[in-house]
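Data file: my_file_6.csv. Format and content: CSV, C-alpha atoms and all ligand atoms.
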chain,number,residue,atom,x,y,z
A,1,MET,CA,148.0,-3.3,81.3
A,2,ASP,CA,151.4,-2.1,80.2
A,3,LYS,CA,153.3,-5.1,81.4
A,4,HIS,CA,156.7,-4.2,79.9
A,5,VAL,CA,156.5,-0.5,80.8
A,6,LYS,CA,156.7,0.6,77.1
A,7,TRP,CA,153.5,2.4,76.1
A,8,PHE,CA,152.1,4.2,79.1
A,9,GLU,CA,152.5,7.6,77.5
A,10,GLU,CA,150.7,6.4,74.4
A,11,LEU,CA,147.9,5.1,76.6
A,12,GLY,CA,147.7,8.5,78.2
A,13,ALA,CA,147.6,10.1,74.7
A,14,LEU,CA,144.7,7.8,73.9
A,15,GLY,CA,142.7,9.4,76.7
A,16,PHE,CA,143.5,7.5,79.9
A,17,GLY,CA,143.9,9.9,82.8
A,18,PHE,CA,146.2,7.5,84.6
A,19,VAL,CA,147.9,4.3,83.8
A,20,GLU,CA,148.9,1.3,85.9
A,21,VAL,CA,152.0,-0.5,84.6
A,22,GLY,CA,152.8,-4.1,85.5
A,23,THR,CA,152.3,-6.3,87.2
A,24,VAL,CA,156.1,-5.8,87.8
A,25,THR,CA,157.9,-8.5,89.9
A,26,ALA,CA,161.4,-8.4,91.4
A,27,HIS,CA,162.8,-10.9,88.9
A,28,PRO,CA,162.2,-10.8,85.1
A,29,GLN,CA,160.0,-13.7,84.1
A,30,LYS,CA,158.3,-15.0,80.9
A,31,GLY,CA,154.9,-15.7,82.4
A,32,SER,CA,152.7,-18.7,81.5
A,33,SER,CA,153.1,-20.5,78.2
A,34,LYS,CA,151.0,-19.3,75.3
A,35,PRO,CA,148.1,-19.3,74.5
A,36,ARG,CA,147.3,-17.5,77.7
A,37,VAL,CA,144.5,-15.0,76.8
A,38,TRP,CA,141.1,-16.0,75.3
A,39,ARG,CA,138.2,-13.9,74.1
A,40,LEU,CA,134.7,-15.0,75.1
A,41,THR,CA,132.9,-12.8,72.7
A,42,ARG,CA,129.4,-13.7,73.6
A,43,ASP,CA,130.1,-12.8,77.2
A,44,ARG,CA,132.1,-9.7,76.2
A,45,ALA,CA,134.8,-11.2,78.5
A,46,LEU,CA,138.3,-12.4,78.5
A,47,VAL,CA,140.0,-15.3,80.3
A,48,ASN,CA,143.6,-14.7,81.0
A,49,ALA,CA,146.4,-16.8,82.6
A,50,MET,CA,149.2,-14.4,81.8
A,51,GLY,CA,151.2,-15.2,85.0
A,52,PHE,CA,152.9,-11.7,85.2
A,53,PRO,CA,155.2,-11.7,82.1
A,54,ASN,CA,157.5,-8.7,82.7
A,55,ASP,CA,161.1,-7.6,82.5
A,56,GLY,CA,161.7,-7.3,86.3
A,57,ALA,CA,162.0,-4.4,88.6
A,58,GLU,CA,165.3,-3.1,87.6
A,59,THR,CA,164.7,-2.9,83.8
A,60,SER,CA,161.1,-1.7,84.4
A,61,ALA,CA,162.2,1.1,86.6
A,62,GLU,CA,164.9,2.2,84.1
A,63,ARG,CA,162.4,2.2,81.3
A,64,LEU,CA,159.9,4.2,83.3
A,65,ARG,CA,162.5,6.7,84.3
A,66,LYS,CA,163.7,7.2,80.7
A,67,LYS,CA,160.3,7.2,78.9
A,68,ARG,CA,158.2,9.4,81.3
A,69,THR,CA,157.4,12.8,79.8
A,70,GLY,CA,155.3,13.8,82.8
A,71,GLU,CA,152.1,14.0,80.7
A,72,THR,CA,150.6,10.8,82.1
A,73,ILE,CA,150.0,9.8,85.7
A,74,VAL,CA,151.7,6.4,86.1
A,75,GLY,CA,151.4,3.9,88.9
A,76,THR,CA,153.1,0.6,89.3
A,77,ASN,CA,151.3,-2.6,90.2
A,78,ILE,CA,153.6,-4.9,92.1
A,79,GLY,CA,153.4,-8.7,92.5
A,80,LYS,CA,155.4,-11.7,93.6
A,81,SER,CA,157.9,-13.5,91.3
A,82,LEU,CA,156.8,-17.0,90.5
A,83,SER,CA,160.2,-18.3,91.7
A,84,THR,CA,159.9,-16.7,95.1
A,85,PRO,CA,158.0,-18.8,97.7
A,86,VAL,CA,155.1,-17.0,99.2
A,87,ASP,CA,156.7,-16.9,102.7
A,88,ALA,CA,159.5,-14.8,101.2
A,89,ALA,CA,157.1,-12.6,99.2
A,90,LEU,CA,157.8,-9.5,101.3
A,91,ASP,CA,161.4,-9.3,100.2
A,92,ASP,CA,160.2,-9.5,96.6
A,93,TYR,CA,157.7,-6.7,97.0
A,94,ARG,CA,160.2,-4.6,98.8
A,95,THR,CA,162.8,-5.0,96.0
A,96,THR,CA,160.2,-3.9,93.4
A,97,ALA,CA,158.9,-1.1,95.5
A,98,ARG,CA,162.5,0.2,96.1
A,99,ALA,CA,163.1,0.2,92.3
A,100,MET,CA,159.7,1.5,91.1
A,101,ALA,CA,158.6,4.0,93.8
A,102,PRO,CA,161.0,6.7,92.9
A,103,VAL,CA,159.7,6.8,89.3
A,104,SER,CA,156.0,6.1,90.0
A,105,ASP,CA,153.1,8.3,91.1
A,106,PHE,CA,151.5,5.5,93.1
A,107,LEU,CA,151.9,1.9,94.0
A,108,VAL,CA,149.3,-0.9,93.9
A,109,LEU,CA,150.1,-4.0,95.9
A,110,ASN,CA,148.6,-6.9,93.9
A,111,VAL,CA,147.6,-9.7,96.2
A,112,SER,CA,144.8,-10.9,94.0
A,113,SER,CA,145.8,-12.3,90.7
A,114,PRO,CA,144.7,-16.0,90.4
A,115,ASN,CA,147.6,-17.0,88.1
A,116,THR,CA,150.4,-17.0,90.6
A,117,PRO,CA,150.1,-19.9,93.0
A,118,ASP,CA,149.4,-18.8,96.7
A,119,LEU,CA,149.5,-15.1,95.8
A,120,GLN,CA,145.9,-14.6,97.1
A,121,THR,CA,146.9,-15.9,100.6
A,122,LEU,CA,148.5,-12.5,101.0
A,123,GLN,CA,145.0,-11.0,101.2
A,124,ALA,CA,144.5,-12.4,104.7
A,125,VAL,CA,144.8,-9.8,107.4
A,126,GLU,CA,148.2,-10.7,109.0
A,127,PRO,CA,150.2,-11.4,105.8
A,128,LEU,CA,148.7,-8.2,104.3
A,129,ARG,CA,149.6,-6.2,107.4
A,130,ALA,CA,153.2,-7.4,107.2
A,131,LEU,CA,153.3,-6.7,103.5
A,132,VAL,CA,152.1,-3.1,103.8
A,133,GLU,CA,154.3,-2.4,106.8
A,134,GLY,CA,157.3,-3.9,105.1
A,135,VAL,CA,156.8,-1.9,101.9
A,136,ARG,CA,156.3,1.2,103.9
A,137,ASP,CA,159.6,0.6,105.8
A,138,GLU,CA,161.3,0.2,102.4
A,139,LEU,CA,159.9,3.5,101.2
A,140,ALA,CA,160.9,5.2,104.4
A,141,LEU,CA,164.5,4.0,103.9
A,142,ILE,CA,164.7,5.6,100.5
A,143,GLU,CA,162.7,8.6,101.6
A,144,VAL,CA,159.9,8.3,99.0
A,145,GLN,CA,156.3,9.1,99.8
A,146,LEU,CA,153.6,8.1,97.5
A,147,PRO,CA,150.0,6.7,97.7
A,148,ILE,CA,149.8,2.9,98.3
A,149,LEU,CA,146.8,0.9,97.4
A,150,VAL,CA,145.9,-2.7,97.7
A,151,LYS,CA,144.2,-4.6,94.9
A,152,ILE,CA,141.7,-7.3,95.9
A,153,SER,CA,140.0,-10.2,94.2
A,154,ALA,CA,136.5,-10.4,92.9
A,155,ASP,CA,136.3,-13.8,94.7
A,156,LEU,CA,137.0,-12.5,98.2
A,157,PRO,CA,134.0,-13.4,100.5
A,158,ASP,CA,132.2,-10.4,102.0
A,159,ALA,CA,133.6,-11.0,105.5
A,160,ASP,CA,137.1,-10.9,104.2
A,161,ILE,CA,136.4,-7.7,102.2
A,162,ASP,CA,135.3,-6.1,105.5
A,163,GLN,CA,138.5,-7.2,107.1
A,164,VAL,CA,140.7,-5.9,104.4
A,165,ALA,CA,138.8,-2.6,104.6
A,166,GLU,CA,139.2,-2.4,108.3
A,167,LEU,CA,142.9,-3.2,108.0
A,168,CYS,CA,143.4,-0.5,105.3
A,169,LEU,CA,141.8,2.0,107.7
A,170,SER,CA,143.8,1.0,110.7
A,171,LEU,CA,147.0,1.2,108.6
A,172,GLU,CA,145.9,4.5,107.1
A,173,LEU,CA,146.5,3.1,103.7
A,174,ASP,CA,145.6,5.3,100.8
A,175,GLY,CA,143.1,3.1,99.0
A,176,ILE,CA,141.8,-0.1,97.5
A,177,VAL,CA,141.6,-1.2,93.9
A,178,ALA,CA,138.6,-3.4,93.4
A,179,VAL,CA,138.5,-5.8,91.7
A,180,ASN,CA,140.8,-8.3,90.0
A,181,THR,CA,139.5,-11.2,87.9
A,182,THR,CA,137.3,-14.0,89.0
A,183,VAL,CA,137.9,-17.7,88.7
A,184,ASP,CA,134.1,-18.4,89.0
A,185,ARG,CA,133.0,-19.8,85.7
A,186,ALA,CA,129.3,-19.6,86.8
A,187,VAL,CA,129.4,-15.8,85.8
A,188,LEU,CA,129.6,-16.8,82.2
A,189,GLN,CA,126.4,-16.9,80.1
A,190,SER,CA,127.3,-19.5,77.4
A,191,ALA,CA,127.5,-23.1,78.4
A,192,ALA,CA,130.4,-23.7,76.0
A,193,ALA,CA,132.4,-21.0,77.7
A,194,ARG,CA,131.6,-22.4,81.2
A,195,ALA,CA,132.6,-25.8,80.1
A,196,ALA,CA,135.9,-24.7,78.4
A,197,GLN,CA,139.0,-25.8,80.2
A,198,ASN,CA,141.0,-22.5,79.8
A,199,PRO,CA,142.7,-21.8,83.0
A,200,GLY,CA,142.8,-18.3,84.5
A,201,GLY,CA,140.7,-15.3,85.6
A,202,ILE,CA,137.6,-13.9,83.9
A,203,SER,CA,137.3,-10.2,83.2
A,204,GLY,CA,134.9,-8.0,81.4
A,205,ALA,CA,131.1,-7.8,81.4
A,206,PRO,CA,130.4,-10.8,83.7
A,207,LEU,CA,132.4,-9.0,86.5
A,208,LYS,CA,130.1,-6.0,86.6
A,209,GLY,CA,127.7,-7.1,89.3
A,210,ARG,CA,130.3,-8.3,91.7
A,211,ALA,CA,132.5,-5.3,91.1
A,212,VAL,CA,129.6,-2.9,92.0
A,213,ASP,CA,128.6,-4.9,95.0
A,214,ILE,CA,132.1,-4.9,96.4
A,215,LEU,CA,132.5,-1.2,95.7
A,216,ARG,CA,129.3,-0.4,97.6
A,217,ARG,CA,130.3,-2.6,100.4
A,218,LEU,CA,133.7,-1.0,100.7
A,219,ARG,CA,132.4,2.6,100.5
A,220,THR,CA,129.8,1.9,103.1
A,221,HIS,CA,132.5,0.5,105.4
A,222,VAL,CA,135.2,3.1,104.9
A,223,GLY,CA,133.2,6.3,104.5
A,224,ASP,CA,135.3,9.0,103.0
A,225,ARG,CA,138.5,7.7,104.4
A,226,LEU,CA,139.9,5.7,101.4
A,227,VAL,CA,140.3,6.2,97.7
A,228,LEU,CA,138.4,3.5,95.9
A,229,ILE,CA,139.4,2.7,92.3
A,230,SER,CA,136.6,0.6,90.7
A,231,VAL,CA,137.6,-1.9,88.0
A,232,GLY,CA,135.8,-4.8,86.5
A,233,GLY,CA,133.3,-4.8,83.6
A,234,ILE,CA,133.3,-1.1,82.8
A,235,GLU,CA,132.3,-0.9,79.1
A,236,THR,CA,130.4,2.4,78.8
A,237,ALA,CA,129.9,5.9,80.3
A,238,ASP,CA,126.8,4.5,82.0
A,239,ASP,CA,129.0,1.9,83.7
A,240,ALA,CA,131.4,4.5,84.9
A,241,TRP,CA,128.5,6.8,86.0
A,242,ASP,CA,127.1,3.9,88.1
A,243,ARG,CA,130.5,3.3,89.7
A,244,PHE,CA,130.8,7.0,90.7
A,245,GLU,CA,127.3,6.8,92.1
A,246,ALA,CA,128.3,3.7,94.1
A,247,GLY,CA,131.2,5.5,95.6
A,248,ALA,CA,134.2,5.1,93.2
A,249,THR,CA,136.8,7.8,93.5
A,250,LEU,CA,138.3,6.7,90.1
A,251,VAL,CA,137.6,4.0,87.5
A,252,GLN,CA,139.7,1.8,85.4
A,253,GLY,CA,139.1,-0.6,82.5
A,254,HIS,CA,141.0,-3.3,80.7
A,255,THR,CA,138.7,-5.6,78.9
A,256,GLY,CA,136.4,-2.8,77.7
A,257,PHE,CA,139.4,-1.3,76.0
A,258,VAL,CA,140.4,-4.6,74.3
A,259,TYR,CA,136.9,-4.9,72.9
A,260,GLY,CA,136.2,-1.1,72.4
A,261,GLY,CA,139.4,-0.3,70.5
A,262,PRO,CA,142.0,2.5,70.7
A,263,LEU,CA,139.4,5.3,71.1
A,264,TRP,CA,137.5,3.6,73.9
A,265,ALA,CA,138.7,5.9,76.7
A,266,ARG,CA,138.3,9.1,74.8
A,267,ARG,CA,134.7,8.0,73.7
A,268,LEU,CA,133.8,7.1,77.3
A,269,ASN,CA,135.1,10.3,78.7
A,270,LYS,CA,133.4,12.4,76.1
A,271,GLU,CA,130.1,10.8,76.8
A,272,LEU,CA,130.6,11.1,80.6
A,273,ALA,CA,131.4,14.8,80.2
A,274,ARG,CA,128.2,15.2,78.2
A,275,ARG,CA,126.1,13.5,80.8
A,276,LEU,CA,127.7,15.6,83.5
A,277,ARG,CA,126.9,18.8,81.6
A,278,GLU,CA,123.3,17.6,81.2
A,279,ALA,CA,123.1,16.9,84.9
A,280,GLY,CA,124.3,20.5,85.5
A,281,VAL,CA,127.5,19.4,87.4
A,282,SER,CA,131.0,20.2,86.5
A,283,SER,CA,132.9,17.2,87.8
A,284,VAL,CA,132.4,13.6,88.9
A,285,TYR,CA,133.3,14.8,92.4
A,286,GLU,CA,130.1,16.9,92.4
A,287,LEU,CA,128.2,14.0,91.0
A,288,VAL,CA,129.4,11.7,93.8
A,289,GLY,CA,128.6,14.6,96.2
A,290,LEU,CA,125.1,14.9,94.9
A,291,TYR,CA,124.3,11.3,95.4
A,292,GLU,CA,126.0,11.0,98.7
A,293,GLY,CA,124.6,14.1,100.3
A,294,GLY,CA,127.7,16.3,100.3
A,295,GLY,CA,131.4,16.3,99.5
A,296,ARG,CA,133.6,13.5,100.5
A,297,GLY,CA,136.8,15.5,99.8
A,298,SER,CA,138.0,15.8,103.3
A,299,GLY,CA,140.0,12.9,104.5
A,300,MET,CA,140.9,11.7,101.1
A,301,ALA,CA,144.4,10.3,101.1
A,302,ASN,CA,147.0,12.8,100.1
A,303,GLY,CA,144.4,15.4,99.5
A,304,ALA,CA,145.6,18.9,98.8
A,305,ALA,CA,143.6,22.0,99.7
A,306,GLY,CA,141.3,23.0,97.0
A,307,SER,CA,141.6,19.9,94.9
A,308,SER,CA,138.9,17.2,94.2
A,309,PRO,CA,139.4,13.7,95.6
A,310,GLN,CA,139.9,12.5,92.0
A,311,GLU,CA,142.7,15.0,91.5
A,312,SER,CA,144.4,14.4,94.8
A,313,ALA,CA,143.9,10.6,94.9
A,314,LEU,CA,147.1,9.8,93.1
A,315,ALA,CA,149.0,12.8,94.2
A,316,ARG,CA,152.7,12.2,95.0
A,317,ASN,CA,154.2,14.4,97.8
A,318,GLY,CA,151.0,16.4,98.0
A,319,GLU,CA,151.2,17.6,94.4
A,320,THR,CA,147.9,17.4,92.5
A,321,ARG,CA,147.6,16.7,88.8
A,322,PRO,CA,144.6,17.6,86.8
A,323,LEU,CA,142.5,14.7,85.6
A,324,GLY,CA,140.4,16.7,83.1
A,325,VAL,CA,136.7,17.0,84.0
A,326,GLY,CA,137.4,15.1,87.2
A,327,VAL,CA,137.2,11.9,85.2
A,328,PRO,CA,140.2,9.8,84.6
A,329,GLY,CA,141.1,10.1,81.0
A,330,ALA,CA,139.3,13.3,80.0
A,331,ARG,CA,141.9,15.7,78.7
B,1,LIG,C1,145.0,-9.8,79.8
B,1,LIG,C2,144.9,-9.3,81.2
B,1,LIG,C3,146.0,-9.2,82.0
B,1,LIG,C4,145.9,-8.7,83.3
B,1,LIG,N1,147.0,-8.6,84.0
B,1,LIG,C5,146.9,-8.1,85.3
B,1,LIG,C6,148.1,-7.9,86.1
B,1,LIG,O1,149.2,-8.2,85.6
B,1,LIG,N2,148.0,-7.4,87.3
B,1,LIG,C7,146.7,-7.1,87.9
B,1,LIG,O2,146.6,-6.7,89.0
B,1,LIG,N3,145.6,-7.3,87.1
B,1,LIG,C8,145.7,-7.8,85.9
B,1,LIG,N4,144.6,-7.9,85.1
B,1,LIG,C9,143.2,-7.6,85.8
B,1,LIG,C10,142.8,-6.3,85.4
B,1,LIG,O3,143.7,-5.3,85.8
B,1,LIG,C11,141.4,-6.0,86.0
B,1,LIG,O4,141.5,-6.0,87.4
B,1,LIG,C12,140.3,-7.0,85.5
B,1,LIG,O5,140.6,-7.4,84.2
B,1,LIG,C13,138.9,-6.5,85.6
B,1,LIG,O6,138.7,-5.3,84.8
B,1,LIG,P1,138.1,-5.4,83.3
B,1,LIG,O7,136.8,-6.1,83.4
B,1,LIG,O8,138.0,-3.9,83.0
B,1,LIG,O9,139.1,-6.1,82.5
B,1,LIG,C14,144.6,-8.4,83.8
B,1,LIG,C15,143.5,-8.5,83.0
B,1,LIG,C16,143.6,-9.0,81.7
B,1,LIG,C17,142.4,-9.1,80.9
What would the structure in this file look like if it were written as structure tokens?
Amino acid sequence: MDKHVKWFEELGALGFGFVEVGTVTAHPQKGSSKPRVWRLTRDRALVNAMGFPNDGAETSAERLRKKRTGETIVGTNIGKSLSTPVDAALDDYRTTARAMAPVSDFLVLNVSSPNTPDLQTLQAVEPLRALVEGVRDELALIEVQLPILVKISADLPDADIDQVAELCLSLELDGIVAVNTTVDRAVLQSAAARAAQNPGGISGAPLKGRAVDILRRLRTHVGDRLVLISVGGIETADDAWDRFEAGATLVQGHTGFVYGGPLWARRLNKELARRLREAGVSSVYELVGLYEGGGRGSGMANGAAGSSPQESALARNGETRPLGVGVPGAR
């Protein structure tokens, strides 16, 4: 959300428990020409064709290093530069990982944005394996250890989702962020919006159904072995609650924040905390445990003894950071 790595601490102060900056690419780039974001208000959705505008890995890392106060958990979402052909993508991801990992709490390998040609081909098993292994090699060279997650598309067919899940398990990756935007115009309610020629990916309310289906599918497949960050169409505390019930370790939102305004995260967390109190549970972890018939803390990536999966999911070097009531953003 914070493409230029400038206001992540402010986002934290607004109530987000963790913030993902980026997408950051190896080379600075302007992104697509404007206009490149459109509101579809009747659908409570956005269409975006941003194309990863960002200041490049070096400047982004410098900014992150200088501006971090330690208050906010900050991860970096990494993508491929437009100028880099897809068969050279690994070098690009390695360059960005090398710059950003030392100053980030976690990394997200973005292989799912629809606005960079061929990027989504990296979701296939063999390219994804090479990508993850290459980034890991890079991190080993600089002796940095931090959680690595892969971000997948809402448009990935079920069989491919299973394959990605299987690959993440076999590579002992930390987790999956599900989902990125969809290019499927059929999810839109209004005929005018469906017919509009705006390029790009749809986010917001129309993504809800697919995001929950993919989350359930992933959780069923991976058991308690991966962190699952659910994103796509989360607008209210009820939506977040549904995601935790469906197996999310953490939740994220972008379009809900755009429509909901600056106090959106704080409002959502307050309401979630109220619902948790009413249900007689003290954290989302227990909520998930209730619905899943027991804790799923063991085996969570980077888990530290005595911490909840939410708290340990994004832990760097085994250190845990409090996420409020066990909900991202509740402070
Ligand atoms: C304007 C805009 C820009 C986005 N840029 C990125 C990006 O650079 N990298 C990425 O992985 N996802 C990006 N996304 C996708 C979101 O992170 C998220 O996966 C998607 O919007 C679904 O969540 P939402 O319904 O809460 O918005 C962007 C979404 C929007 C609306």
For ligand LIG 1 (chain B), which residue among A:Arg277, A:Lys208, A:Lys6, A:Lys67 is the nearest when counting only C-alpha atoms and all ligand atoms?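 Ranked by minimum distance to ligand LIG 1 (chain B), first place goes to A:Lys208.
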Length of the CA of Trp241 (chain A) to CA of Arg275 (chain A) vector [Å]: 8.8 Å
Could you name the residues that touch Leu169 (chain A) at 12 Å or less, counting all atoms listed in the file, but leaving out those on the same chain fewer than 2 positions away, as a list of chain:residue names? A:Arg129, A:Leu149, A:Val150, A:Asp162, A:Gln163, A:Val164, A:Ala165, A:Glu166, A:Leu167, A:Leu171, A:Glu172, A:Leu173, A:Asp174, A:Gly175, A:Ile176, A:Leu218, A:Arg219, A:His221, A:Val222, A:Gly223, A:Asp224, A:Arg225, A:Leu226, A:Val227, A:Gly299, A:Met300, A:Ala301
I need the residue nearest Val86 (chain A) from this list: A:Gly201, A:Gly261, A:Pro117, A:Pro157. Use all atoms listed in the file for the distance.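 Between A:Gly201, A:Gly261, A:Pro117, A:Pro157, the residue approaching Val86 (chain A) most closely is A:Pro117.
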All residues within 6 Å of ligand LIG 1 (chain B) are required, counting all atoms listed in the file; please report them as a ChimeraX atom specification. /A:22-23,46,48,52,110,113,179-181,203-204,231-234,253-256
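Picture a line from CA of Ala191 (chain A) to CA of Ile214 (chain A); it runs 26.0 Å.
Proximity to Lys66 (chain A) was assessed for A:Glu9, A:Tyr93, A:His27, A:Pro206 counting only C-alpha atoms; the smallest distance is recorded for A:Glu9.
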Need to verify the contact set: Ile229 (chain A), 8 Å, all atoms listed in the file, exclusion of same-chain residues closer than 6 positions in sequence. Can you return it as a PyMOL selection string? chain A and resi 175-178+248-252
Go ahead and compute the interatomic distance for CA of Glu58 (chain A) and CA of Lys80 (chain A), in Å to one decimal. 14.4 Å
